[in-house]
Amino acid sequence: MKKILALLLITLFVGTLLPGCAGSKAEVKTGLAVLTSIAKSKDATADADGLAQVDSTIVTLTVDEDGKIVQCVIDGAQTKINFNATGQLITPTNTEFKTKNELGTAYGMKGVSGIGKEWNEQAATFADYVKGKTIDEVKAIAVDEDTKPTGSDLKSSVTVSIGGFITAIEKAVANAKSLGAKADDNLKLGVATNIAKSVNAGEEAGLAQAYSTYTVVTTDADGKITSCVIDSTQGNVNFDTTGKITSDLTASIKTKNELGDSYGMKNASDIGKEWHEQAAAFAEYVKGKTASEVSGIAVDEKNHPTDSDLKSSVTVSIGDFKKALAKAIG
């Protein structure tokens, strides 16, 4: 009997030490943050077209019970929409835009980088660097006046400004929730951006709108979604018939989840639900599903869900939700 008890104790002890056992099955929180700016937009002139530029820094992560980052993904969406000095759009409204990670070497930083590294490579390196750190440790990373890293262990592989990364990481940690993810799940991010609602200036102001949908998923070894977060931004730049920008380029641009009830969909909704509530309901609905099952969710001609178990809680168009999810888990 003593031998049996001893063997059981040894087995339990070894099991706690082996990687991929108890620790990897621990629950973690899933977080997402988006920082968006239109500050680099420019008026049109007689010599140059105007530019509506919407820049978003996107961070998603998982955090353990001790507040340490388990996984992290960093990406950027840079949407450039041109218009001329008569307020007419030049960039086709059916243009779709790739994120910086999707662009990879096509983004074009490698050739001008002092370390010969593309943006996506540096973002991935920094995302890996913060793993195992708390937010206080991340905020303590040394930077210069341009928020570029100065520590010898980091500046040899990351020379881009990391101030936005750190701010977004802090916000993502604060936003993180227990949604069903485990420490050994895969963390993935999908972003879908379009400018379809942009219009020329006329009697009313012109609009250059970068509409981005962000979808975060964690997936288990079978490819099933264990947690999901969905958010969106509308980066709006208005301009007049002379090509002069009329928007406040210093204005803060909140995501729809951050706007919450102030987004204003609830009163116009047939089910009395705000956008963020419907996005959360859809995110919950896809848990346990695989990529093919998400792709198979039935919609009508306007991409509204038709399944009876879904349309009672989600009446918004889910076309961009599905597109961003396909990028994340496809």
# chains A, B, ... in the order shown; residues from 1 in each chain; ligands from 1

$ select_by_dssp --residues "segment 216-322 of chain A" --states "helix (DSSP H, G or I)" --output "PyMOL selection string"
chain A and resi 256-263+266-268+275-285+291-295+308-311+319-322

$ write_last_selection --atoms "C-alpha atoms" --output "PDB file, in the first residue's frame"
ATOM      1  CA  LYS A 256     -17.789  50.646 -31.475  1.00  0.00           C
ATOM      2  CA  ASN A 257     -17.279  48.611 -28.319  1.00  0.00           C
ATOM      3  CA  GLU A 258     -15.790  51.671 -26.626  1.00  0.00           C
ATOM      4  CA  LEU A 259     -18.687  53.818 -27.815  1.00  0.00           C
ATOM      5  CA  GLY A 260     -21.133  51.338 -26.312  1.00  0.00           C
ATOM      6  CA  ASP A 261     -24.669  52.707 -26.089  1.00  0.00           C
ATOM      7  CA  SER A 262     -23.564  56.086 -27.447  1.00  0.00           C
ATOM      8  CA  TYR A 263     -23.120  54.493 -30.888  1.00  0.00           C
ATOM      9  CA  LYS A 266     -30.313  50.449 -29.937  1.00  0.00           C
ATOM     10  CA  ASN A 267     -33.295  52.690 -30.659  1.00  0.00           C
ATOM     11  CA  ALA A 268     -33.277  51.759 -34.343  1.00  0.00           C
ATOM     12  CA  TRP A 275     -24.031  47.170 -31.905  1.00  0.00           C
ATOM     13  CA  HIS A 276     -21.590  46.036 -29.224  1.00  0.00           C
ATOM     14  CA  GLU A 277     -24.219  43.754 -27.704  1.00  0.00           C
ATOM     15  CA  GLN A 278     -24.907  42.111 -31.069  1.00  0.00           C
ATOM     16  CA  ALA A 279     -21.191  41.746 -31.818  1.00  0.00           C
ATOM     17  CA  ALA A 280     -20.700  40.060 -28.437  1.00  0.00           C
ATOM     18  CA  ALA A 281     -23.672  37.773 -29.099  1.00  0.00           C
ATOM     19  CA  PHE A 282     -22.200  36.695 -32.438  1.00  0.00           C
ATOM     20  CA  ALA A 283     -18.781  36.172 -30.834  1.00  0.00           C
ATOM     21  CA  GLU A 284     -20.404  33.894 -28.271  1.00  0.00           C
ATOM     22  CA  TYR A 285     -22.365  32.082 -31.010  1.00  0.00           C
ATOM     23  CA  ALA A 291     -13.664  27.673 -39.695  1.00  0.00           C
ATOM     24  CA  SER A 292     -15.926  25.734 -42.067  1.00  0.00           C
ATOM     25  CA  GLU A 293     -18.849  25.915 -39.638  1.00  0.00           C
ATOM     26  CA  VAL A 294     -18.457  29.686 -39.311  1.00  0.00           C
ATOM     27  CA  SER A 295     -18.277  29.982 -43.097  1.00  0.00           C
ATOM     28  CA  SER A 308     -33.541  31.261 -35.955  1.00  0.00           C
ATOM     29  CA  ASP A 309     -31.125  30.654 -33.068  1.00  0.00           C
ATOM     30  CA  LEU A 310     -28.990  33.623 -34.138  1.00  0.00           C
ATOM     31  CA  LYS A 311     -31.252  36.269 -35.651  1.00  0.00           C
ATOM     32  CA  GLY A 319     -20.607  39.809 -43.687  1.00  0.00           C
ATOM     33  CA  ASP A 320     -17.551  41.633 -42.321  1.00  0.00           C
ATOM     34  CA  PHE A 321     -17.654  39.530 -39.143  1.00  0.00           C
ATOM     35  CA  LYS A 322     -17.392  36.377 -41.245  1.00  0.00           C
TER      36      LYS A 322
END

$ atom_distance --atom1 "atom CA of Ala142 of chain A" --atom2 "atom CA of Lys155 of chain A"
10.0 Å

$ select_by_dssp --residues "segment 208-330 of chain A" --states "strand (DSSP E or B)" --output "NGL selection string"
:A and (208-219 or 225-239 or 245 or 253 or 299 or 305)

$ write_last_selection --atoms "C-alpha atoms" --output "compact mmCIF listing (two decimals), in the first residue's frame"
# COMPACT_ATOMS: atom_id res chain seq x y z
CA ALA A 208 -13.56 59.19 -46.83
CA GLN A 209 -14.44 56.34 -44.48
CA ALA A 210 -12.16 53.48 -43.54
CA TYR A 211 -14.48 50.87 -42.03
CA SER A 212 -12.47 48.19 -40.26
CA THR A 213 -13.73 45.08 -38.48
CA TYR A 214 -11.41 43.35 -36.02
CA THR A 215 -11.92 39.75 -34.99
CA VAL A 216 -9.88 37.88 -32.40
CA VAL A 217 -10.16 34.16 -31.85
CA THR A 218 -8.43 31.54 -29.78
CA THR A 219 -8.62 28.01 -31.15
CA ILE A 225 -12.98 28.50 -31.41
CA THR A 226 -12.65 28.76 -27.64
CA SER A 227 -13.01 32.54 -27.33
CA CYS A 228 -13.85 35.39 -29.67
CA VAL A 229 -13.86 39.19 -29.56
CA ILE A 230 -15.27 41.40 -32.32
CA ASP A 231 -14.89 45.17 -32.63
CA SER A 232 -14.94 47.83 -35.33
CA THR A 233 -13.85 51.38 -36.14
CA GLN A 234 -15.19 53.96 -38.55
CA GLY A 235 -12.33 56.29 -39.44
CA ASN A 236 -14.15 59.25 -41.01
CA VAL A 237 -12.46 62.17 -42.80
CA ASN A 238 -14.75 64.86 -44.27
CA PHE A 239 -13.73 67.29 -47.01
CA ILE A 245 -10.50 68.71 -44.91
CA ILE A 253 -11.62 57.82 -32.63
CA VAL A 299 -27.25 34.85 -44.30
CA PRO A 305 -28.24 36.06 -40.27

$ residues_around --residues "Ala176 of chain A" --least-positions-apart "3" --cutoff "7 Å" --atoms "only C-alpha atoms" --output "list of chain:residue names"
A:Lys29, A:Thr30, A:Gly31, A:Leu32, A:Ala172, A:Val173

$ closest_residue --among "A:Thr193, A:Ser198, A:Thr159, A:Ser113" --to "Ile81 of chain A" --atoms "only C-alpha atoms"
A:Ser198

$ closest_residue --among "A:Asn94, A:Thr86, A:Thr246, A:Thr57" --to "Ser161 of chain A" --atoms "only C-alpha atoms"
A:Thr57

$ atom_distance --atom1 "atom CA of Asp222 of chain A" --atom2 "atom CA of Ile329 of chain A"
11.8 Å

$ residues_around --residues "Asp220 of chain A" --least-positions-apart "5" --cutoff "9 Å" --atoms "only C-alpha atoms" --output "list in words"
Ala181, Lys182, Asp184, Asp185, Asn186, Ile225 and Thr226 of chain A

$ residues_around --residues "Ile38 of chain A" --least-positions-apart "5" --cutoff "7 Å" --atoms "only C-alpha atoms" --output "number ranges by chain"
A: 53-55, 249

$ residues_around --residues "Leu35 of chain A" --least-positions-apart "2" --cutoff "8 Å" --atoms "only C-alpha atoms" --output "ChimeraX atom specification"
/A:33,37,56-58,164,168,253-254

$ write_last_selection --atoms "N, CA and C atoms" --output "PDB file, in the first residue's frame"
ATOM      1  N   ALA A  33      -7.330  45.559 -28.296  1.00  0.00           N
ATOM      2  CA  ALA A  33      -7.317  47.022 -28.240  1.00  0.00           C
ATOM      3  C   ALA A  33      -6.952  47.574 -29.608  1.00  0.00           C
ATOM      4  N   SER A  37      -5.968  56.821 -35.517  1.00  0.00           N
ATOM      5  CA  SER A  37      -5.684  58.234 -35.718  1.00  0.00           C
ATOM      6  C   SER A  37      -5.907  58.608 -37.187  1.00  0.00           C
ATOM      7  N   SER A  56      -4.433  52.560 -37.734  1.00  0.00           N
ATOM      8  CA  SER A  56      -4.863  51.827 -36.534  1.00  0.00           C
ATOM      9  C   SER A  56      -3.779  50.864 -36.090  1.00  0.00           C
ATOM     10  N   THR A  57      -3.450  50.928 -34.808  1.00  0.00           N
ATOM     11  CA  THR A  57      -2.569  49.943 -34.187  1.00  0.00           C
ATOM     12  C   THR A  57      -3.451  48.946 -33.459  1.00  0.00           C
ATOM     13  N   ILE A  58      -3.257  47.671 -33.755  1.00  0.00           N
ATOM     14  CA  ILE A  58      -4.136  46.623 -33.230  1.00  0.00           C
ATOM     15  C   ILE A  58      -3.328  45.636 -32.398  1.00  0.00           C
ATOM     16  N   GLY A 164       3.074  53.263 -29.388  1.00  0.00           N
ATOM     17  CA  GLY A 164       1.703  52.844 -29.671  1.00  0.00           C
ATOM     18  C   GLY A 164       1.461  51.399 -29.303  1.00  0.00           C
ATOM     19  N   ALA A 168      -1.351  50.280 -26.586  1.00  0.00           N
ATOM     20  CA  ALA A 168      -2.396  49.328 -26.985  1.00  0.00           C
ATOM     21  C   ALA A 168      -2.337  48.058 -26.134  1.00  0.00           C
ATOM     22  N   ILE A 253     -10.719  58.736 -31.919  1.00  0.00           N
ATOM     23  CA  ILE A 253     -11.619  57.822 -32.629  1.00  0.00           C
ATOM     24  C   ILE A 253     -11.777  56.555 -31.796  1.00  0.00           C
ATOM     25  N   LYS A 254     -12.960  56.370 -31.273  1.00  0.00           N
ATOM     26  CA  LYS A 254     -13.232  55.204 -30.434  1.00  0.00           C
ATOM     27  C   LYS A 254     -13.753  54.049 -31.282  1.00  0.00           C
TER      28      LYS A 254
END

$ atom_distance --atom1 "atom CA of Phe83 of chain A" --atom2 "atom CA of Asp49 of chain A"
5.8 Å

$ closest_residue --among "A:Gly76, A:Gly190, A:Gly67, A:Gly87" --to "Thr134 of chain A" --atoms "only C-alpha atoms"
A:Gly67

$ residues_around --residues "Thr315 of chain A" --least-positions-apart "6" --cutoff "9 Å" --atoms "only C-alpha atoms" --output "PyMOL selection string"
chain A and resi 269-271+273+278+304-306
